[in-house]
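Okay, start-v9.txt is below, compact mmCIF, C-alpha atoms:
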# COMPACT_ATOMS: atom_id res chain seq x y z
CA MET B 1 99.14 134.90 132.59
CA LEU B 2 96.14 134.33 130.37
CA ARG B 3 98.23 133.62 127.30
CA ASP B 4 100.03 130.79 129.09
CA LYS B 5 96.76 129.33 130.27
CA ILE B 6 95.42 129.34 126.72
CA ILE B 7 98.55 127.70 125.37
CA GLU B 8 98.25 125.11 128.12
CA ALA B 9 94.65 124.46 127.09
CA LEU B 10 95.64 124.18 123.41
CA GLN B 11 98.29 121.68 124.43
CA THR B 12 95.46 119.35 125.47
CA VAL B 13 93.89 119.47 121.99
CA LYS B 14 95.27 116.52 120.05
CA ASP B 15 95.06 115.48 116.45
CA PRO B 16 91.91 113.28 116.53
CA GLU B 17 93.73 110.62 114.54
CA ILE B 18 97.12 110.80 116.27
CA ASP B 19 96.20 111.29 119.89
CA SER B 20 99.76 111.61 121.21
CA VAL B 21 100.41 114.88 119.37
CA SER B 22 98.90 118.26 120.15
CA ILE B 23 97.99 120.85 117.56
CA ILE B 24 100.79 123.03 118.95
CA GLU B 25 103.36 120.28 118.44
CA LEU B 26 102.06 119.85 114.89
CA GLY B 27 102.74 123.52 114.28
CA MET B 28 99.12 124.35 113.53
CA LEU B 29 98.89 127.41 115.79
CA ASP B 30 99.65 130.60 113.89
CA GLU B 31 98.31 133.39 116.06
CA LEU B 32 96.64 133.87 119.38
CA GLU B 33 94.85 137.19 119.77
CA ILE B 34 93.50 138.20 123.14
CA HIS B 35 90.85 140.91 122.87
CA PRO B 36 88.75 142.45 125.65
CA ASP B 37 85.65 140.63 124.34
CA GLY B 38 87.20 137.28 123.56
CA VAL B 39 89.98 135.19 122.13
CA LEU B 40 90.75 134.63 118.46
CA ILE B 41 92.80 131.58 117.58
CA LYS B 42 94.18 131.28 114.07
CA LEU B 43 95.08 127.77 112.99
CA LEU B 44 96.79 126.45 109.87
CA PRO B 45 95.21 123.33 108.37
CA THR B 46 97.74 120.64 107.45
CA PHE B 47 95.87 119.58 104.32
CA MET B 48 92.91 121.50 102.88
CA GLY B 49 90.63 118.49 102.67
CA CYS B 50 91.40 117.21 106.16
CA PRO B 51 88.06 116.03 107.62
CA ALA B 52 89.38 116.43 111.17
CA LEU B 53 89.33 120.25 110.95
CA ASP B 54 85.80 120.64 112.35
CA ILE B 55 86.57 118.27 115.21
CA ILE B 56 89.76 120.17 116.02
CA LYS B 57 87.88 123.47 115.93
CA ASN B 58 85.23 122.22 118.37
CA ASN B 59 87.86 120.76 120.68
CA VAL B 60 89.76 124.05 120.72
CA VAL B 61 86.59 125.98 121.60
CA LYS B 62 85.79 123.47 124.36
CA ALA B 63 89.30 123.51 125.84
CA VAL B 64 89.78 127.28 125.81
CA SER B 65 86.24 128.05 127.00
CA SER B 66 86.97 126.14 130.19
CA ILE B 67 89.35 128.93 131.28
CA ASP B 68 87.48 131.27 133.64
CA GLU B 69 88.79 134.54 132.23
CA VAL B 70 87.78 133.68 128.68
CA GLU B 71 84.41 135.04 127.58
CA LYS B 72 84.29 133.95 123.97
CA VAL B 73 86.46 131.81 121.70
CA ASP B 74 86.70 132.13 117.94
CA VAL B 75 88.70 129.69 115.84
CA LYS B 76 89.66 130.56 112.31
CA PHE B 77 91.47 128.36 109.81
CA ILE B 78 93.75 130.36 107.57
CA PHE B 79 96.12 129.13 104.87
CA HIS B 80 98.59 131.97 104.82
CA PRO B 81 101.29 131.27 105.86
CA PRO B 82 100.83 127.76 104.51
CA TRP B 83 101.39 124.89 106.94
CA THR B 84 104.55 123.00 106.00
CA SER B 85 105.84 119.81 107.59
CA ASP B 86 108.91 121.56 109.01
CA ARG B 87 106.53 123.31 111.43
CA VAL B 88 106.26 120.08 113.46
CA THR B 89 108.23 120.74 116.66
CA GLU B 90 111.05 118.57 118.03
CA LEU B 91 108.74 117.28 120.75
CA GLY B 92 106.09 116.66 118.12
CA ARG B 93 108.54 114.59 116.10
CA GLU B 94 109.33 112.46 119.16
CA LYS B 95 105.66 111.96 119.97
CA LEU B 96 104.88 110.97 116.39
CA LYS B 97 107.50 108.24 116.67
CA GLU B 98 105.96 107.03 119.95
CA PHE B 99 102.69 106.64 118.07
CA GLY B 100 104.41 104.59 115.35
CA ILE B 101 104.53 107.37 112.76
CA ALA B 102 107.84 108.48 111.30
CA PRO B 103 108.22 112.28 111.48
CA PRO B 104 108.27 114.13 108.15
CA PRO B 105 111.64 113.73 106.40
CA ARG B 106 113.79 116.83 106.44
CA HIS B 107 115.38 116.11 103.10
CA ILE B 108 113.78 115.61 99.70
CA ALA B 109 115.96 114.66 96.73
CA GLU B 110 115.78 116.65 93.52
CA THR B 111 113.86 113.76 91.97
CA GLY B 112 111.19 114.24 94.63
CA GLU B 113 112.17 111.04 96.42
CA TRP B 114 112.46 110.87 100.16
CA GLN B 115 112.92 108.26 102.81
CA ALA B 116 111.90 107.85 106.41
CA ASP B 117 113.52 105.84 109.15
CA CYS B 118 111.49 103.14 110.89
CA PRO B 119 109.87 104.63 114.04
CA TYR B 120 110.13 101.23 115.78
CA CYS B 121 113.73 100.14 115.24
CA GLY B 122 115.30 103.21 113.66
CA SER B 123 116.47 101.34 110.56
CA THR B 124 116.85 103.24 107.29
CA TYR B 125 116.18 99.99 105.42
CA THR B 126 112.60 100.92 104.55
CA THR B 127 110.48 100.92 101.40
CA MET B 128 107.55 103.07 100.30
CA GLU B 129 104.37 101.03 99.95
CA ASN B 130 101.97 103.86 99.20
CA LEU B 131 102.64 107.58 99.04
CA PHE B 132 99.03 108.02 100.14
CA GLY B 133 98.01 106.74 103.56
CA PRO B 134 94.91 106.55 105.75
CA THR B 135 94.88 110.34 106.04
CA ALA B 136 95.98 113.00 103.56
CA CYS B 137 99.10 113.89 105.54
CA ARG B 138 100.48 110.34 105.89
CA SER B 139 102.18 107.71 103.68
CA ILE B 140 102.51 103.95 104.20
CA LEU B 141 105.97 102.39 104.40
CA TYR B 142 107.49 99.03 105.34
CA CYS B 143 110.58 98.31 107.43
CA LYS B 144 112.67 95.49 106.01
CA ALA B 145 114.75 95.30 109.17
CA CYS B 146 112.06 94.71 111.81
CA LYS B 147 109.35 93.66 109.32
CA ASN B 148 106.83 96.22 110.54
CA PRO B 149 104.60 98.28 108.32
CA PHE B 150 104.50 101.88 109.48
CA GLU B 151 103.32 105.33 108.46
CA ALA B 152 105.30 108.47 107.85
CA MET B 153 104.14 112.06 107.81
CA LYS B 154 104.52 113.36 104.26
CA PRO B 155 107.02 116.13 103.63
CA VAL B 156 105.14 119.24 102.53
CA SER B 157 107.09 122.28 101.47
CA THR B 158 106.56 125.46 99.50
CA LEU B 159 109.59 124.46 97.40
CA MET B 160 107.63 121.62 95.79
CA MET R 1 99.34 145.91 92.19
CA ARG R 2 97.81 143.47 94.63
CA TYR R 3 94.19 143.59 95.73
CA GLY R 4 92.91 142.38 99.07
CA LEU R 5 89.35 141.44 99.92
CA GLU R 6 88.41 145.00 100.86
CA ASP R 7 89.78 146.38 97.57
CA ALA R 8 87.84 143.78 95.61
CA LEU R 9 84.62 144.61 97.43
CA LYS R 10 85.01 148.29 96.52
CA ASN R 11 85.69 147.68 92.82
CA GLU R 12 82.66 146.08 91.16
CA ALA R 13 84.35 145.21 87.83
CA TYR R 14 87.24 143.59 89.65
CA ARG R 15 84.99 141.69 92.03
CA THR R 16 82.93 140.35 89.12
CA ALA R 17 86.04 139.08 87.35
CA VAL R 18 87.49 137.38 90.45
CA THR R 19 84.13 135.80 91.19
CA GLU R 20 83.88 134.40 87.67
CA LEU R 21 87.39 132.92 87.85
CA LEU R 22 86.80 131.44 91.30
CA PHE R 23 83.65 129.70 90.08
CA GLN R 24 85.61 128.07 87.28
CA LEU R 25 88.34 126.89 89.65
CA ALA R 26 85.88 125.72 92.31
CA ASP R 27 83.51 123.91 89.97
CA ASP R 28 86.37 122.09 88.18
CA ASP R 29 87.73 120.69 91.45
CA PHE R 30 84.28 119.98 92.83
CA ILE R 31 82.99 117.81 89.99
CA LEU R 32 86.26 115.95 89.44
CA ALA R 33 86.49 115.19 93.17
CA TYR R 34 82.97 113.79 92.94
CA ARG R 35 83.86 111.63 89.94
CA GLY R 36 86.91 110.44 91.86
CA SER R 37 84.79 109.54 94.88
CA GLU R 38 82.65 107.29 92.66
CA TRP R 39 85.71 105.06 92.24
CA LEU R 40 85.85 104.30 95.95
CA GLY R 41 85.99 100.52 96.38
CA LEU R 42 86.34 100.04 92.62
CA ALA R 43 89.93 101.13 91.97
CA PRO R 44 92.32 98.48 90.56
CA HIS R 45 93.85 97.61 93.94
CA ILE R 46 93.54 98.60 97.58
CA GLU R 47 96.55 100.95 97.61
CA GLU R 48 95.00 102.81 94.70
CA ASP R 49 91.70 102.98 96.53
CA VAL R 50 93.50 104.68 99.41
CA ALA R 51 95.45 107.00 97.13
CA PHE R 52 92.56 108.01 94.87
CA SER R 53 90.21 108.71 97.77
CA SER R 54 92.92 110.80 99.43
CA ILE R 55 93.45 112.78 96.22
CA SER R 56 89.69 113.26 95.81
CA GLN R 57 89.43 114.46 99.40
CA ASP R 58 92.23 117.00 98.85
CA THR R 59 90.59 118.14 95.63
CA MET R 60 87.24 118.59 97.36
CA GLY R 61 89.12 120.57 100.02
CA HIS R 62 90.44 122.87 97.30
CA ALA R 63 86.93 123.36 95.94
CA ALA R 64 85.69 124.15 99.46
CA MET R 65 88.41 126.75 99.83
CA TYR R 66 87.46 128.46 96.56
CA TYR R 67 83.77 128.44 97.59
CA GLN R 68 84.86 130.06 100.85
CA LEU R 69 86.70 132.80 98.93
CA LEU R 70 83.49 133.26 96.91
CA HIS R 71 81.50 133.51 100.12
CA ASP R 72 83.92 136.19 101.38
CA LEU R 73 83.22 138.14 98.18
CA GLY R 74 79.49 138.02 98.83
CA ALA R 75 78.61 135.28 96.32
CA GLY R 76 76.54 133.34 98.83
CA ASP R 77 76.78 130.51 101.33
CA SER R 78 79.54 128.07 100.40
CA ASP R 79 77.48 124.89 100.98
CA GLU R 80 74.76 126.29 98.79
CA LEU R 81 77.26 127.25 96.08
CA ALA R 82 78.61 123.69 96.11
CA HIS R 83 75.35 121.76 96.31
CA ALA R 84 72.42 123.84 95.19
CA ARG R 85 73.45 125.60 91.97
CA PRO R 86 71.74 124.16 88.86
CA ALA R 87 73.82 122.75 86.00
CA GLY R 88 73.27 125.88 83.87
CA GLU R 89 75.14 127.98 86.43
CA ARG R 90 78.12 125.66 86.74
CA LYS R 91 81.40 126.73 85.15
CA ASN R 92 83.37 123.47 85.13
CA ALA R 93 85.00 122.11 82.00
CA ILE R 94 82.91 119.38 80.34
CA LEU R 95 85.83 116.92 80.34
CA LEU R 96 85.57 116.77 84.13
CA GLU R 97 81.83 116.04 84.34
CA LYS R 98 81.78 113.06 82.00
CA VAL R 99 80.79 109.76 83.63
CA ASN R 100 83.51 107.32 84.62
CA GLY R 101 82.02 104.78 82.24
CA PRO R 102 78.80 102.82 81.72
CA GLY R 103 76.78 101.72 84.74
CA THR R 104 76.46 103.39 88.11
CA TYR R 105 78.35 103.15 91.37
CA LEU R 106 75.90 100.63 92.82
CA THR R 107 74.88 98.69 89.70
CA GLU R 108 77.24 97.32 87.10
CA PRO R 109 79.93 100.01 87.33
CA HIS R 110 81.89 99.27 84.15
CA TYR R 111 84.18 102.21 84.77
CA ASP R 112 87.11 102.94 82.50
CA TRP R 113 90.37 103.10 84.46
CA ALA R 114 92.34 104.24 81.42
CA PHE R 115 90.03 107.24 81.09
CA ALA R 116 90.31 107.97 84.82
CA VAL R 117 94.11 108.03 84.60
CA VAL R 118 94.18 110.16 81.45
CA ARG R 119 91.58 112.65 82.68
CA ASN R 120 93.22 113.04 86.06
CA TYR R 121 96.72 113.36 84.67
CA PHE R 122 95.73 115.91 82.02
CA TYR R 123 93.76 117.83 84.61
CA ALA R 124 96.44 117.73 87.33
CA GLN R 125 98.97 119.13 84.86
CA ALA R 126 96.55 121.84 83.71
CA LYS R 127 95.79 122.68 87.33
CA LYS R 128 99.52 122.85 88.05
CA VAL R 129 100.04 125.33 85.21
CA LYS R 130 97.14 127.47 86.46
CA ILE R 131 98.25 127.31 90.10
CA GLU R 132 101.78 128.44 89.18
CA SER R 133 100.22 131.41 87.41
CA LEU R 134 97.79 132.12 90.26
CA LYS R 135 100.67 132.43 92.71
CA ASN R 136 101.22 135.80 90.99
CA SER R 137 97.54 136.70 90.85
CA SER R 138 96.61 140.29 91.58
CA TYR R 139 94.01 138.96 94.04
CA GLN R 140 96.03 138.36 97.19
CA PRO R 141 93.73 135.77 98.88
CA LEU R 142 93.78 133.70 95.68
CA ALA R 143 97.57 133.99 95.36
CA GLU R 144 97.91 132.72 98.95
CA ALA R 145 95.47 129.86 98.33
CA ALA R 146 97.50 128.86 95.28
CA VAL R 147 100.61 128.32 97.41
CA LYS R 148 98.68 125.96 99.65
CA VAL R 149 97.02 124.04 96.79
CA ASN R 150 100.34 123.68 95.00
CA MET R 151 101.94 121.69 97.83
CA GLU R 152 99.18 119.07 97.74
CA LEU R 153 98.94 119.08 93.97
CA TYR R 154 102.58 118.03 93.82
CA TYR R 155 101.59 114.57 95.05
CA HIS R 156 98.56 114.32 92.76
CA LEU R 157 100.56 115.09 89.66
CA LEU R 158 103.32 112.66 90.64
CA HIS R 159 100.72 109.95 91.17
CA TRP R 160 98.86 110.33 87.88
CA LYS R 161 102.00 110.80 85.86
CA THR R 162 103.33 107.49 87.21
CA TRP R 163 100.11 105.63 86.30
CA PHE R 164 100.03 107.27 82.88
CA SER R 165 103.62 106.40 81.98
CA GLN R 166 103.40 102.86 83.31
CA LEU R 167 100.15 101.95 81.57
CA VAL R 168 101.17 103.44 78.22
CA SER R 169 104.61 101.84 78.29
CA ALA R 170 103.14 98.46 79.33
CA GLY R 171 102.05 97.89 75.72
CA GLY R 172 99.35 95.40 74.68
CA GLU R 173 95.80 96.01 75.87
CA ALA R 174 96.94 98.62 78.39
CA ARG R 175 98.44 100.81 75.67
CA THR R 176 95.49 100.31 73.30
CA ARG R 177 93.03 101.34 75.99
CA MET R 178 95.15 104.29 77.06
CA GLU R 179 95.37 105.53 73.48
CA ALA R 180 91.60 105.29 73.14
CA ALA R 181 91.16 107.21 76.41
CA ILE R 182 93.63 109.90 75.27
CA GLU R 183 91.69 110.36 72.00
CA ASN R 184 88.51 110.65 74.06
CA ALA R 185 90.03 113.31 76.28
CA TYR R 186 91.36 115.40 73.36
CA VAL R 187 87.79 115.88 72.13
CA GLU R 188 86.96 117.98 75.23
CA LEU R 189 90.44 119.03 76.39
CA GLY R 190 90.06 122.58 75.05
CA GLY R 191 87.44 123.18 77.73
CA LEU R 192 90.13 123.06 80.42
CA PHE R 193 92.00 126.00 78.94
CA THR R 194 89.20 128.32 77.93
CA PHE R 195 88.00 131.10 80.24
CA GLY R 196 84.66 131.47 78.45
CA ASP R 197 82.95 134.64 77.25
CA LYS R 198 84.04 136.75 80.23
CA GLY R 199 87.64 135.56 80.21
CA ASN R 200 89.18 138.77 78.85
CA GLU R 201 88.50 140.38 82.20
CA PHE R 202 90.79 137.87 83.92
CA THR R 203 93.84 139.04 82.04
CA ASN R 204 92.76 142.70 82.10
CA HIS R 205 92.83 142.54 85.87
CA ASN R 206 96.03 140.43 86.03
CA LEU R 207 94.22 137.62 87.79
CA ILE R 208 95.85 134.84 85.75
CA ASP R 209 97.91 134.37 82.56
CA SER R 210 96.13 134.19 79.21
CA GLU R 211 94.43 131.03 77.89
CA GLU R 212 97.10 130.82 75.23
CA ALA R 213 99.98 131.06 77.70
CA LEU R 214 98.49 128.34 79.91
CA ARG R 215 97.85 125.99 76.99
CA THR R 216 101.38 126.51 75.65
CA ARG R 217 102.85 125.82 79.06
CA TRP R 218 100.77 122.64 79.38
CA VAL R 219 102.04 121.39 76.01
CA GLN R 220 105.61 122.20 77.07
CA MET R 221 105.22 120.13 80.24
CA MET R 222 103.54 117.23 78.42
CA SER R 223 105.79 117.09 75.35
CA PRO R 224 108.76 115.27 76.93
CA VAL R 225 106.46 112.71 78.57
CA PHE R 226 104.63 112.12 75.30
CA ALA R 227 107.89 111.90 73.34
CA SER R 228 109.33 109.34 75.76
CA LEU R 229 106.21 107.19 75.28
CA SER R 230 106.02 107.70 71.47
CA LEU R 231 102.65 109.41 71.77
CA GLU R 232 101.56 112.38 69.69
CA LEU R 233 99.95 115.58 70.85
CA PRO R 234 97.32 116.99 68.47
CA GLU R 235 97.62 120.49 67.02
CA LYS R 236 94.28 121.51 68.46
CA PHE R 237 92.16 120.46 71.42
CA GLY R 238 88.40 120.10 70.99
CA MET R 239 85.36 121.39 72.82
CA LYS R 240 82.87 119.05 71.20
CA SER R 241 80.07 119.24 73.75
CA GLY R 242 80.28 123.00 74.30
CA ASN R 243 81.99 125.41 76.64
CA GLY R 244 81.35 124.63 80.29
CA ARG R 245 82.65 128.08 81.30
CA ASN R 246 79.54 129.55 79.65
CA GLY R 247 77.20 127.18 81.47
CA GLU R 248 76.95 124.67 78.61
CA HIS R 249 76.93 121.10 79.92
CA THR R 250 75.99 117.51 79.15
CA SER R 251 73.27 115.49 80.90
CA ASP R 252 76.10 113.75 82.81
CA LEU R 253 76.46 116.85 84.98
CA GLN R 254 72.76 117.04 85.82
CA THR R 255 72.71 113.36 86.82
CA ALA R 256 75.77 113.88 89.00
CA LEU R 257 74.26 116.96 90.68
CA ASP R 258 71.00 115.09 91.36
CA THR R 259 72.94 112.27 93.02
CA LEU R 260 75.41 114.30 95.04
CA GLY R 261 72.80 116.85 96.10
CA GLU R 262 70.14 114.30 97.07
CA VAL R 263 70.70 114.44 100.81
CA TYR R 264 71.35 118.20 100.86
CA ASN R 265 68.22 118.94 98.81
CA PHE R 266 66.11 116.75 101.07
CA ASP R 267 66.49 119.37 103.80
CA PRO R 268 68.81 122.27 102.90
CA ALA R 269 68.27 123.88 106.32
CA ALA R 270 69.39 120.81 108.26
CA SER R 271 72.39 121.11 110.51
CA TRP R 272 74.84 118.20 110.19

Take the structure in the file and give it back as structure tokens.
Amino acid sequence: MLRDKIIEALQTVKDPEIDSVSIIELGMLDELEIHPDGVLIKLLPTFMGCPALDIIKNNVVKAVSSIDEVEKVDVKFIFHPPWTSDRVTELGREKLKEFGIAPPPRHIAETGEWQADCPYCGSTYTTMENLFGPTACRSILYCKACKNPFEAMKPVSTLM
Amino acid sequence: MRYGLEDALKNEAYRTAVTELLFQLADDDFILAYRGSEWLGLAPHIEEDVAFSSISQDTMGHAAMYYQLLHDLGAGDSDELAHARPAGERKNAILLEKVNGPGTYLTEPHYDWAFAVVRNYFYAQAKKVKIESLKNSSYQPLAEAAVKVNMELYYHLLHWKTWFSQLVSAGGEARTRMEAAIENAYVELGGLFTFGDKGNEFTNHNLIDSEEALRTRWVQMMSPVFASLSLELPEKFGMKSGNGRNGEHTSDLQTALDTLGEVYNFDPAASW
């Protein structure tokens, strides 16, 4: 089925800065519309200022265009519903860890504090070094157990 | 009643009001993100460099989103709206356009970190108050955008509030310089809360709460922080250099626009 083929193609489109995780695993795909004259793919940006959006868009067009039955591909970024970090799939969470990034914490304290387990050794004995990391969606932490610095995907929720 | 894009396009008075509000929101974020970007490589330590550039990038993303909403409403191409509009057409508050300090990015940047912290904290809190109100805006696309902005703003506000509290409570030179920066900000702070000459239309169309309600809410949010740091809030906020919402600006804005638009203006038709 065409829909499956498109999903398969989207599965090959990775986050340019975390190349183990696909945009589907990140929960960025909102809708896939198949029309007689082409395909419309609606994606949710993780953060509004993310500079990778254009790259992702081009990669989606490239990947989906390679399917024979597809005439035309349109990619649209929408922000409703808003992307939240609980959209990252279970597989996505595993793949983030493989890459050395702790998946977004599921729990945020009332004070706004949160913690992430070390993606290398699993220890909870970690400290926050910088809430802001190399990209808008990541923070920098340090594991006191295995002495590795690591990154964690920030929790983002509409409850904030 | 909620209006979608199609409704707004059919109702000229409504469209004009939304457009005006969006320009204020977009231009505020745009110029402050630019001022933030000028700190790159100059922030007090490397973690702050990372954090501040991330915040500036988010903020520029918010501006881009508002320019996109303006584009949808037929206001023009979003790149052009961001880069090519002259100072007289900009609607940002004057507080946000002021230089970071004497010198320029490349030569002798004697930037004032205390002022950066104060300006960004005051602005993030004002933006928070507005965003909370915009979540209930009658213009549906703007209400949806507000939900998205709010999630990122959470981290900005947390960041600047931490800097603000720590520097003020540090005492000594830190406190003296922070107090001077706060006084400096008060002089133009009123500009953040005004809607300008056409502002009545915003409340008539239920786009956002009134100026008065937003200012009151801001004071309510700030009061406990100020009290805990033994700081005083003034009765009134100033607008010494004019009202940016009406297109009144200082030469700081023109200089900034010349710099940030230099490459764009060199060849506006270029494809990047």

Requested in this report: Restrict the distance test to all atoms listed in the file, flag each residue of chain B within 10 Å of chain R, and return the flagged residues as number ranges by chain.
Outcome: B: 45-51, 78-84, 112, 129-140, 154-160

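Considering only C-alpha atoms, the residue among R:Lys91, R:Arg215, R:Asp79, R:Gly74 positioned nearest to Tyr123 in chain R is R:Arg215.
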
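When only C-alpha atoms are used to measure the gap to Val21 in chain B, the shortest distance among B:Ala145, B:Cys121, B:Leu96, B:Ala102 belongs to B:Leu96.
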
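If you look at CA of Ala52 in chain B and CA of Arg87 in chain B, they are 18.5 Å away from each other.
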
So which residues touch range 167-170 of chain R within 8 Å, counting all atoms listed in the file, skipping near sequence neighbours fewer than 5 positions away, as a JSON list (two decimals) with C-alpha atoms, keeping the file's coordinate frame?
[["chain", "number", "residue", "atom", "x", "y", "z"],
["R", 175, "ARG", "CA", 98.44, 100.81, 75.67],
["R", 178, "MET", "CA", 95.15, 104.29, 77.06],
["R", 179, "GLU", "CA", 95.37, 105.53, 73.48],
["R", 229, "LEU", "CA", 106.21, 107.19, 75.28]]

**Report entry** Point-to-point distance in Å for CA of Ala227 in chain R and CA of Glu211 in chain R
**Finding:** 23.8 Å

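The gap separating CA of Gln166 in chain R from CA of Glu183 in chain R is 17.9 Å, in Å to one decimal.
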